Amino acid sequence: MKKMYLLTLALAAALLLPGGASAARQSLGEIRPGAYPLVPITNHLPWGYKDIQAYQNSLQKVELVSGGLEGFKDLPQLGMKGPYTGLISLGDAGQKFGVIIDIVGEEKRLYIDRDGDGSFAGESWKPLLNEWYGLQVYGVYGPEPIQLQVTYRNGQTRPIQIQVNGLLNQPSAMVKEKPYLLVGVETWFLARLVEDGAAKLAAVVDRNHNGCYHDPEDLLFIDYNDDGGFDVAEAKPRKRGVTLPGKQRLKADWTAYPDSLEIGGKSK
């Protein structure tokens with residue numbers, strides 16, 4: 001797994017041409033200021049969490065209800081009269097993506113309005129693996145990643161890959177927890193910075209899984225130890241911009257769906 005992760009980073013970094021950042025003053029141990037291209041990656045998400053529970057808590061929680069089909073158009077043929085429904089919210093405009101979970105026999109079928117237009121026309125279902133907990137309670141997991149088309153405030157539509165898991169139940173006196181779906185954003189961004197003439201990898205990650213990459217809690221990783229990977233000790237939250245270590249105290253920043261990592265301007 002580690003070798004595959006490093007290979008993924010190496011291949012992605014190879015896509016970034018040398019000299020992609022605009023040249024500026026450079027001193028020993030300093031990152032060269034400029035606009036560095038960011039390449040979207042959809043596997044081996046850099047780990048910016050204390051533990052697995054912190055990761056679970058960071059996922060977007062979508063509350064599911066029984067029924068609620070009135071706001072959806074062009075419904076697929078369903079096996080349930082009242083399937084589970086909900087809305088995923090992604091992007092800086094909070095675009096909504098309808099979710100339907102249908103149960104047909106032993107199958108748990110997931111439908112998602114992947115372009116967020118309110119219509120399920122042409123949307124095929126994805127299987128959900130499930131574990132029975134008794135009393136019509138199931139833990140579910142989507143074995144396949146799903147790509148959504150998210151439209152941002154600047155009018156651009158960009159792909160984001162997600163993974164889902166959750167809980168299905170029929171509310172009863174013995175089962176108080178309501179059904180839900182947890183959504184993890186798997187798309188992150190890789191850049192190759194220039195430090196003293198040598199390459200140094202950096203990554204931008206959507207830590208709160210809402211498809212908007214410049215929230216205060218979203219992360220910038222820099223591979224300070226040059227091991228080809230990223231760990232939580234190499235992550236800094238965006239907040240109002242990340243200040244890089246070094247005499248120049250340069251700031252790093254990026255947009256909601258970033259095409260480049262902007263480095264420059266001294267931090268006060």
# chains A, B, ... in the order shown; residues from 1 in each chain; ligands from 1
>>> residues_around(residues="region 240-256 of chain A", least_positions_apart="2", cutoff="8 Å", atoms="only C-alpha atoms", output="PyMOL selection string")
chain A and resi 29-30+33+91-92+152+211-216+220+236-238+258-267
>>> write_last_selection(atoms="N, CA and C atoms", output="PDB file, in the first residue's frame")
ATOM      1  N   GLY A  29      16.741  27.030   1.353  1.00  0.00           N
ATOM      2  CA  GLY A  29      15.696  26.520   2.223  1.00  0.00           C
ATOM      3  C   GLY A  29      14.364  27.220   2.081  1.00  0.00           C
ATOM      4  N   GLU A  30      14.230  28.127   1.127  1.00  0.00           N
ATOM      5  CA  GLU A  30      12.983  28.852   0.944  1.00  0.00           C
ATOM      6  C   GLU A  30      12.209  28.289  -0.246  1.00  0.00           C
ATOM      7  N   PRO A  33       8.440  31.732  -4.509  1.00  0.00           N
ATOM      8  CA  PRO A  33       7.081  32.263  -4.681  1.00  0.00           C
ATOM      9  C   PRO A  33       6.579  32.036  -6.100  1.00  0.00           C
ATOM     10  N   GLY A  91     -19.554  22.039  -2.548  1.00  0.00           N
ATOM     11  CA  GLY A  91     -19.126  23.252  -3.232  1.00  0.00           C
ATOM     12  C   GLY A  91     -19.366  24.504  -2.416  1.00  0.00           C
ATOM     13  N   ASP A  92     -18.759  25.618  -2.859  1.00  0.00           N
ATOM     14  CA  ASP A  92     -18.902  26.873  -2.124  1.00  0.00           C
ATOM     15  C   ASP A  92     -20.284  27.482  -2.264  1.00  0.00           C
ATOM     16  N   TYR A 152     -19.488  25.619  -9.040  1.00  0.00           N
ATOM     17  CA  TYR A 152     -19.019  26.576  -8.043  1.00  0.00           C
ATOM     18  C   TYR A 152     -19.535  27.980  -8.353  1.00  0.00           C
ATOM     19  N   GLY A 211     -16.644  19.575  -0.260  1.00  0.00           N
ATOM     20  CA  GLY A 211     -16.365  19.949  -1.637  1.00  0.00           C
ATOM     21  C   GLY A 211     -15.918  21.378  -1.824  1.00  0.00           C
ATOM     22  N   CYS A 212     -15.674  22.085  -0.729  1.00  0.00           N
ATOM     23  CA  CYS A 212     -15.155  23.457  -0.766  1.00  0.00           C
ATOM     24  C   CYS A 212     -13.789  23.419  -0.094  1.00  0.00           C
ATOM     25  N   TYR A 213     -12.730  23.718  -0.844  1.00  0.00           N
ATOM     26  CA  TYR A 213     -11.377  23.428  -0.383  1.00  0.00           C
ATOM     27  C   TYR A 213     -10.695  24.584   0.344  1.00  0.00           C
ATOM     28  N   HIS A 214     -11.368  25.720   0.504  1.00  0.00           N
ATOM     29  CA  HIS A 214     -10.693  26.832   1.179  1.00  0.00           C
ATOM     30  C   HIS A 214     -11.412  27.275   2.453  1.00  0.00           C
ATOM     31  N   ASP A 215     -12.041  26.319   3.138  1.00  0.00           N
ATOM     32  CA  ASP A 215     -12.575  26.594   4.469  1.00  0.00           C
ATOM     33  C   ASP A 215     -11.419  26.728   5.460  1.00  0.00           C
ATOM     34  N   PRO A 216     -11.643  27.381   6.600  1.00  0.00           N
ATOM     35  CA  PRO A 216     -10.558  27.559   7.578  1.00  0.00           C
ATOM     36  C   PRO A 216      -9.912  26.253   8.032  1.00  0.00           C
ATOM     37  N   LEU A 220      -3.271  22.308   4.145  1.00  0.00           N
ATOM     38  CA  LEU A 220      -2.135  22.287   3.230  1.00  0.00           C
ATOM     39  C   LEU A 220      -1.069  21.389   3.837  1.00  0.00           C
ATOM     40  N   LYS A 236      -1.104  21.905   7.811  1.00  0.00           N
ATOM     41  CA  LYS A 236      -1.481  23.159   8.455  1.00  0.00           C
ATOM     42  C   LYS A 236      -2.859  23.570   7.959  1.00  0.00           C
ATOM     43  N   PRO A 237      -3.761  24.007   8.875  1.00  0.00           N
ATOM     44  CA  PRO A 237      -5.082  24.470   8.438  1.00  0.00           C
ATOM     45  C   PRO A 237      -4.983  25.809   7.722  1.00  0.00           C
ATOM     46  N   ARG A 238      -5.892  26.033   6.787  1.00  0.00           N
ATOM     47  CA  ARG A 238      -5.851  27.253   5.982  1.00  0.00           C
ATOM     48  C   ARG A 238      -6.128  28.493   6.821  1.00  0.00           C
ATOM     49  N   PRO A 258      -9.316  24.516  -6.272  1.00  0.00           N
ATOM     50  CA  PRO A 258      -8.095  25.202  -6.691  1.00  0.00           C
ATOM     51  C   PRO A 258      -7.450  24.623  -7.945  1.00  0.00           C
ATOM     52  N   ASP A 259      -7.102  25.527  -8.859  1.00  0.00           N
ATOM     53  CA  ASP A 259      -6.283  25.160 -10.010  1.00  0.00           C
ATOM     54  C   ASP A 259      -4.803  25.382  -9.722  1.00  0.00           C
ATOM     55  N   SER A 260      -4.525  26.252  -8.749  1.00  0.00           N
ATOM     56  CA  SER A 260      -3.133  26.542  -8.423  1.00  0.00           C
ATOM     57  C   SER A 260      -3.000  26.869  -6.944  1.00  0.00           C
ATOM     58  N   LEU A 261      -1.793  26.658  -6.449  1.00  0.00           N
ATOM     59  CA  LEU A 261      -1.423  27.020  -5.087  1.00  0.00           C
ATOM     60  C   LEU A 261      -0.606  28.302  -5.176  1.00  0.00           C
ATOM     61  N   GLU A 262      -1.155  29.375  -4.618  1.00  0.00           N
ATOM     62  CA  GLU A 262      -0.512  30.684  -4.713  1.00  0.00           C
ATOM     63  C   GLU A 262       0.405  30.893  -3.513  1.00  0.00           C
ATOM     64  N   ILE A 263       1.683  31.121  -3.787  1.00  0.00           N
ATOM     65  CA  ILE A 263       2.653  31.357  -2.721  1.00  0.00           C
ATOM     66  C   ILE A 263       3.339  32.693  -2.974  1.00  0.00           C
ATOM     67  N   GLY A 264       3.224  33.589  -2.009  1.00  0.00           N
ATOM     68  CA  GLY A 264       3.828  34.907  -2.143  1.00  0.00           C
ATOM     69  C   GLY A 264       3.165  35.886  -1.212  1.00  0.00           C
ATOM     70  N   GLY A 265       3.790  37.026  -1.004  1.00  0.00           N
ATOM     71  CA  GLY A 265       3.240  38.012  -0.085  1.00  0.00           C
ATOM     72  C   GLY A 265       3.644  37.678   1.328  1.00  0.00           C
ATOM     73  N   LYS A 266       4.334  38.577   1.963  1.00  0.00           N
ATOM     74  CA  LYS A 266       4.841  38.299   3.302  1.00  0.00           C
ATOM     75  C   LYS A 266       3.724  38.333   4.329  1.00  0.00           C
ATOM     76  N   SER A 267       3.771  37.384   5.246  1.00  0.00           N
ATOM     77  CA  SER A 267       2.808  37.355   6.339  1.00  0.00           C
ATOM     78  C   SER A 267       3.200  38.388   7.380  1.00  0.00           C
TER      79      SER A 267
END
>>> select_by_dssp(residues="region 1-195 of chain A", states="strand (DSSP E or B)", output="short mmCIF file (atom, residue, chain, number, x, y, z; two decimals) with C-alpha atoms, in the first residue's frame")
data_model
loop_
_atom_site.label_atom_id
_atom_site.label_comp_id
_atom_site.auth_asym_id
_atom_site.auth_seq_id
_atom_site.Cartn_x
_atom_site.Cartn_y
_atom_site.Cartn_z
CA ILE A 31 10.03 27.98 -1.25
CA GLY A 34 4.68 31.77 -7.56
CA ALA A 35 1.51 30.09 -8.79
CA TYR A 36 2.00 26.33 -8.70
CA PRO A 37 -0.38 24.14 -10.75
CA VAL A 39 -3.41 18.30 -10.11
CA PRO A 40 -6.56 16.53 -8.79
CA ILE A 41 -5.93 13.09 -7.27
CA GLN A 60 -20.42 14.98 5.94
CA LYS A 61 -23.47 13.46 7.65
CA VAL A 62 -26.59 13.31 5.49
CA GLU A 63 -29.79 12.64 7.42
CA VAL A 65 -35.87 10.16 5.80
CA SER A 66 -38.47 7.69 4.60
CA LYS A 73 -37.83 14.53 -10.84
CA TYR A 84 -34.65 6.49 2.13
CA THR A 85 -33.88 9.95 0.74
CA GLY A 86 -31.53 12.81 1.58
CA LEU A 87 -29.39 15.61 0.16
CA ILE A 88 -25.61 15.85 -0.15
CA SER A 89 -24.28 19.42 -0.13
CA LEU A 90 -21.05 20.22 -2.01
CA GLN A 95 -25.18 22.67 -4.38
CA LYS A 96 -27.57 19.86 -3.46
CA PHE A 97 -27.36 16.31 -4.82
CA GLY A 98 -30.40 14.11 -4.24
CA VAL A 99 -29.90 10.65 -2.74
CA ILE A 100 -32.30 7.69 -2.89
CA ILE A 101 -31.60 4.36 -1.19
CA ASP A 102 -33.99 1.65 -2.33
CA ILE A 103 -34.29 -1.91 -1.02
CA VAL A 104 -35.24 -4.59 -3.55
CA GLU A 107 -30.26 -5.58 -2.55
CA LYS A 108 -29.57 -2.09 -1.22
CA ARG A 109 -29.52 0.27 -4.21
CA LEU A 110 -28.04 3.76 -4.11
CA TYR A 111 -29.16 6.40 -6.62
CA ILE A 112 -27.50 9.84 -6.68
CA SER A 119 -33.46 14.87 -11.98
CA LYS A 126 -24.84 1.58 -7.31
CA PRO A 127 -24.88 -1.42 -4.97
CA LEU A 128 -24.43 -0.93 -1.25
CA LEU A 129 -22.80 -3.71 0.71
CA ASN A 130 -24.54 -4.24 4.03
CA GLU A 131 -24.19 -5.87 7.41
CA TRP A 132 -27.36 -6.84 9.24
CA TYR A 133 -27.54 -5.66 12.85
CA GLY A 134 -31.00 -7.11 13.51
CA VAL A 137 -31.05 -2.23 10.98
CA TYR A 138 -28.20 -2.34 8.46
CA GLY A 139 -24.77 -0.83 8.22
CA VAL A 140 -24.12 -0.01 4.55
CA TYR A 141 -21.00 0.78 2.54
CA ILE A 146 -18.91 7.96 -7.19
CA GLN A 147 -18.05 11.03 -9.24
CA LEU A 148 -20.27 14.11 -8.95
CA GLN A 149 -20.24 17.25 -11.09
CA VAL A 150 -20.15 20.27 -8.76
CA THR A 151 -20.84 23.83 -9.94
CA THR A 157 -18.36 22.80 -13.01
CA ARG A 158 -15.72 20.41 -11.68
CA PRO A 159 -15.63 16.69 -10.81
CA ILE A 160 -15.43 15.50 -7.22
CA GLN A 161 -15.16 11.86 -6.21
CA ILE A 162 -16.91 10.66 -3.05
CA GLN A 163 -17.23 7.48 -1.00
CA VAL A 164 -20.22 6.68 1.22
CA ASN A 165 -21.19 4.56 4.21
CA GLY A 166 -24.04 4.79 6.67
CA LEU A 167 -26.88 3.29 8.68
CA LEU A 168 -30.35 2.22 7.57
CA TYR A 180 -27.92 8.53 7.82
CA LEU A 181 -25.27 8.49 5.10
CA LEU A 182 -21.67 9.59 5.69
CA VAL A 183 -19.97 11.20 2.70
CA GLY A 184 -16.20 11.34 2.30
CA VAL A 185 -14.64 13.55 -0.38
CA TRP A 188 -7.48 16.19 -3.27
CA PHE A 189 -4.81 18.23 -5.06
CA LEU A 190 -1.08 17.74 -5.55
CA ALA A 191 1.52 20.41 -6.39
CA ARG A 192 5.25 20.28 -6.96
CA LEU A 193 6.89 23.27 -5.32
CA VAL A 194 10.45 24.48 -5.87
CA GLU A 195 12.72 24.78 -2.85
#
>>> residues_around(residues="Lys50 (chain A)", least_positions_apart="6", cutoff="12 Å", atoms="only C-alpha atoms", output="count of residues only")
7
>>> atom_distance(atom1="CA of Gly71 (chain A)", atom2="CA of Gln170 (chain A)")
22.1 Å
>>> atom_distance(atom1="CA of Gly197 (chain A)", atom2="CA of Asn225 (chain A)")
16.0 Å
>>> decode(residues="region 50-179 of chain A", atoms="C-alpha atoms", output="PDB file, in the first residue's frame")
ATOM      1  CA  LYS A  50      -5.516  12.295  14.936  1.00  0.00           C
ATOM      2  CA  ASP A  51      -7.214   8.901  14.668  1.00  0.00           C
ATOM      3  CA  ILE A  52      -9.939   7.021  12.794  1.00  0.00           C
ATOM      4  CA  GLN A  53     -12.655   8.486  15.019  1.00  0.00           C
ATOM      5  CA  ALA A  54     -11.555  12.017  14.124  1.00  0.00           C
ATOM      6  CA  TYR A  55     -11.817  11.040  10.465  1.00  0.00           C
ATOM      7  CA  GLN A  56     -15.319   9.611  10.948  1.00  0.00           C
ATOM      8  CA  ASN A  57     -16.392  12.775  12.758  1.00  0.00           C
ATOM      9  CA  SER A  58     -15.141  14.924   9.868  1.00  0.00           C
ATOM     10  CA  LEU A  59     -17.323  13.218   7.244  1.00  0.00           C
ATOM     11  CA  GLN A  60     -20.420  14.975   5.940  1.00  0.00           C
ATOM     12  CA  LYS A  61     -23.471  13.464   7.649  1.00  0.00           C
ATOM     13  CA  VAL A  62     -26.592  13.314   5.492  1.00  0.00           C
ATOM     14  CA  GLU A  63     -29.789  12.641   7.417  1.00  0.00           C
ATOM     15  CA  LEU A  64     -32.082  10.196   5.636  1.00  0.00           C
ATOM     16  CA  VAL A  65     -35.867  10.160   5.801  1.00  0.00           C
ATOM     17  CA  SER A  66     -38.471   7.691   4.605  1.00  0.00           C
ATOM     18  CA  GLY A  67     -40.180   9.115   1.525  1.00  0.00           C
ATOM     19  CA  GLY A  68     -39.479  12.741   0.669  1.00  0.00           C
ATOM     20  CA  LEU A  69     -39.521  12.126  -3.090  1.00  0.00           C
ATOM     21  CA  GLU A  70     -41.569  15.240  -3.875  1.00  0.00           C
ATOM     22  CA  GLY A  71     -38.537  17.386  -4.692  1.00  0.00           C
ATOM     23  CA  PHE A  72     -37.038  14.878  -7.133  1.00  0.00           C
ATOM     24  CA  LYS A  73     -37.828  14.532 -10.844  1.00  0.00           C
ATOM     25  CA  ASP A  74     -37.676  11.600 -13.271  1.00  0.00           C
ATOM     26  CA  LEU A  75     -37.614   8.964 -10.560  1.00  0.00           C
ATOM     27  CA  PRO A  76     -36.263   5.487 -11.283  1.00  0.00           C
ATOM     28  CA  GLN A  77     -38.449   2.427 -10.827  1.00  0.00           C
ATOM     29  CA  LEU A  78     -38.332   1.747  -7.101  1.00  0.00           C
ATOM     30  CA  GLY A  79     -39.076  -1.309  -5.014  1.00  0.00           C
ATOM     31  CA  MET A  80     -40.089   0.637  -1.886  1.00  0.00           C
ATOM     32  CA  LYS A  81     -43.040   2.980  -1.467  1.00  0.00           C
ATOM     33  CA  GLY A  82     -41.029   5.068   0.964  1.00  0.00           C
ATOM     34  CA  PRO A  83     -37.318   4.699   0.131  1.00  0.00           C
ATOM     35  CA  TYR A  84     -34.645   6.490   2.127  1.00  0.00           C
ATOM     36  CA  THR A  85     -33.877   9.953   0.742  1.00  0.00           C
ATOM     37  CA  GLY A  86     -31.527  12.810   1.576  1.00  0.00           C
ATOM     38  CA  LEU A  87     -29.392  15.615   0.159  1.00  0.00           C
ATOM     39  CA  ILE A  88     -25.610  15.847  -0.145  1.00  0.00           C
ATOM     40  CA  SER A  89     -24.277  19.424  -0.126  1.00  0.00           C
ATOM     41  CA  LEU A  90     -21.054  20.221  -2.009  1.00  0.00           C
ATOM     42  CA  GLY A  91     -19.126  23.252  -3.232  1.00  0.00           C
ATOM     43  CA  ASP A  92     -18.902  26.873  -2.124  1.00  0.00           C
ATOM     44  CA  ALA A  93     -22.477  27.438  -3.351  1.00  0.00           C
ATOM     45  CA  GLY A  94     -23.842  24.511  -1.324  1.00  0.00           C
ATOM     46  CA  GLN A  95     -25.176  22.672  -4.384  1.00  0.00           C
ATOM     47  CA  LYS A  96     -27.572  19.860  -3.459  1.00  0.00           C
ATOM     48  CA  PHE A  97     -27.362  16.314  -4.820  1.00  0.00           C
ATOM     49  CA  GLY A  98     -30.398  14.112  -4.236  1.00  0.00           C
ATOM     50  CA  VAL A  99     -29.904  10.650  -2.742  1.00  0.00           C
ATOM     51  CA  ILE A 100     -32.297   7.690  -2.893  1.00  0.00           C
ATOM     52  CA  ILE A 101     -31.599   4.361  -1.194  1.00  0.00           C
ATOM     53  CA  ASP A 102     -33.989   1.646  -2.325  1.00  0.00           C
ATOM     54  CA  ILE A 103     -34.293  -1.910  -1.015  1.00  0.00           C
ATOM     55  CA  VAL A 104     -35.239  -4.586  -3.545  1.00  0.00           C
ATOM     56  CA  GLY A 105     -35.184  -8.044  -2.015  1.00  0.00           C
ATOM     57  CA  GLU A 106     -31.746  -8.374  -0.432  1.00  0.00           C
ATOM     58  CA  GLU A 107     -30.258  -5.576  -2.547  1.00  0.00           C
ATOM     59  CA  LYS A 108     -29.571  -2.090  -1.218  1.00  0.00           C
ATOM     60  CA  ARG A 109     -29.519   0.270  -4.212  1.00  0.00           C
ATOM     61  CA  LEU A 110     -28.039   3.764  -4.114  1.00  0.00           C
ATOM     62  CA  TYR A 111     -29.157   6.405  -6.617  1.00  0.00           C
ATOM     63  CA  ILE A 112     -27.495   9.842  -6.680  1.00  0.00           C
ATOM     64  CA  ASP A 113     -28.382  12.847  -8.818  1.00  0.00           C
ATOM     65  CA  ARG A 114     -24.761  13.172  -9.902  1.00  0.00           C
ATOM     66  CA  ASP A 115     -25.035  16.566 -11.609  1.00  0.00           C
ATOM     67  CA  GLY A 116     -27.277  18.140  -8.973  1.00  0.00           C
ATOM     68  CA  ASP A 117     -30.029  19.198 -11.396  1.00  0.00           C
ATOM     69  CA  GLY A 118     -32.844  17.602  -9.385  1.00  0.00           C
ATOM     70  CA  SER A 119     -33.457  14.866 -11.976  1.00  0.00           C
ATOM     71  CA  PHE A 120     -32.653  11.161 -11.758  1.00  0.00           C
ATOM     72  CA  ALA A 121     -33.036  10.626 -15.505  1.00  0.00           C
ATOM     73  CA  GLY A 122     -30.288   8.308 -16.705  1.00  0.00           C
ATOM     74  CA  GLU A 123     -28.871   7.781 -13.208  1.00  0.00           C
ATOM     75  CA  SER A 124     -27.991   4.118 -12.695  1.00  0.00           C
ATOM     76  CA  TRP A 125     -27.941   2.635  -9.221  1.00  0.00           C
ATOM     77  CA  LYS A 126     -24.843   1.576  -7.310  1.00  0.00           C
ATOM     78  CA  PRO A 127     -24.878  -1.424  -4.972  1.00  0.00           C
ATOM     79  CA  LEU A 128     -24.426  -0.926  -1.251  1.00  0.00           C
ATOM     80  CA  LEU A 129     -22.800  -3.710   0.714  1.00  0.00           C
ATOM     81  CA  ASN A 130     -24.535  -4.240   4.028  1.00  0.00           C
ATOM     82  CA  GLU A 131     -24.190  -5.873   7.407  1.00  0.00           C
ATOM     83  CA  TRP A 132     -27.357  -6.845   9.238  1.00  0.00           C
ATOM     84  CA  TYR A 133     -27.535  -5.661  12.848  1.00  0.00           C
ATOM     85  CA  GLY A 134     -31.001  -7.115  13.507  1.00  0.00           C
ATOM     86  CA  LEU A 135     -34.436  -5.433  13.736  1.00  0.00           C
ATOM     87  CA  GLN A 136     -34.209  -4.169  10.131  1.00  0.00           C
ATOM     88  CA  VAL A 137     -31.046  -2.234  10.975  1.00  0.00           C
ATOM     89  CA  TYR A 138     -28.198  -2.342   8.462  1.00  0.00           C
ATOM     90  CA  GLY A 139     -24.768  -0.833   8.223  1.00  0.00           C
ATOM     91  CA  VAL A 140     -24.118  -0.006   4.550  1.00  0.00           C
ATOM     92  CA  TYR A 141     -21.004   0.780   2.539  1.00  0.00           C
ATOM     93  CA  GLY A 142     -20.518   1.853  -1.057  1.00  0.00           C
ATOM     94  CA  PRO A 143     -17.714  -0.310  -2.502  1.00  0.00           C
ATOM     95  CA  GLU A 144     -17.367   1.908  -5.577  1.00  0.00           C
ATOM     96  CA  PRO A 145     -16.376   5.592  -5.624  1.00  0.00           C
ATOM     97  CA  ILE A 146     -18.910   7.957  -7.189  1.00  0.00           C
ATOM     98  CA  GLN A 147     -18.054  11.034  -9.245  1.00  0.00           C
ATOM     99  CA  LEU A 148     -20.271  14.109  -8.950  1.00  0.00           C
ATOM    100  CA  GLN A 149     -20.241  17.254 -11.095  1.00  0.00           C
ATOM    101  CA  VAL A 150     -20.152  20.265  -8.761  1.00  0.00           C
ATOM    102  CA  THR A 151     -20.844  23.826  -9.936  1.00  0.00           C
ATOM    103  CA  TYR A 152     -19.019  26.576  -8.043  1.00  0.00           C
ATOM    104  CA  ARG A 153     -19.847  30.248  -7.559  1.00  0.00           C
ATOM    105  CA  ASN A 154     -17.493  31.217 -10.380  1.00  0.00           C
ATOM    106  CA  GLY A 155     -19.721  29.241 -12.765  1.00  0.00           C
ATOM    107  CA  GLN A 156     -17.242  26.424 -13.340  1.00  0.00           C
ATOM    108  CA  THR A 157     -18.356  22.798 -13.007  1.00  0.00           C
ATOM    109  CA  ARG A 158     -15.720  20.413 -11.683  1.00  0.00           C
ATOM    110  CA  PRO A 159     -15.630  16.691 -10.812  1.00  0.00           C
ATOM    111  CA  ILE A 160     -15.429  15.505  -7.215  1.00  0.00           C
ATOM    112  CA  GLN A 161     -15.162  11.863  -6.205  1.00  0.00           C
ATOM    113  CA  ILE A 162     -16.908  10.662  -3.053  1.00  0.00           C
ATOM    114  CA  GLN A 163     -17.227   7.476  -1.004  1.00  0.00           C
ATOM    115  CA  VAL A 164     -20.221   6.678   1.218  1.00  0.00           C
ATOM    116  CA  ASN A 165     -21.192   4.563   4.211  1.00  0.00           C
ATOM    117  CA  GLY A 166     -24.044   4.792   6.666  1.00  0.00           C
ATOM    118  CA  LEU A 167     -26.879   3.294   8.680  1.00  0.00           C
ATOM    119  CA  LEU A 168     -30.352   2.216   7.567  1.00  0.00           C
ATOM    120  CA  ASN A 169     -33.098   1.431  10.031  1.00  0.00           C
ATOM    121  CA  GLN A 170     -36.810   1.505  10.632  1.00  0.00           C
ATOM    122  CA  PRO A 171     -37.311   3.764  13.676  1.00  0.00           C
ATOM    123  CA  SER A 172     -38.586   1.841  16.676  1.00  0.00           C
ATOM    124  CA  ALA A 173     -38.501   1.987  20.434  1.00  0.00           C
ATOM    125  CA  MET A 174     -35.377  -0.191  20.441  1.00  0.00           C
ATOM    126  CA  VAL A 175     -33.503   1.682  17.688  1.00  0.00           C
ATOM    127  CA  LYS A 176     -33.326   5.391  18.430  1.00  0.00           C
ATOM    128  CA  GLU A 177     -30.600   6.442  15.984  1.00  0.00           C
ATOM    129  CA  LYS A 178     -32.006   7.897  12.779  1.00  0.00           C
ATOM    130  CA  PRO A 179     -30.788   6.623   9.399  1.00  0.00           C
TER     131      PRO A 179
END
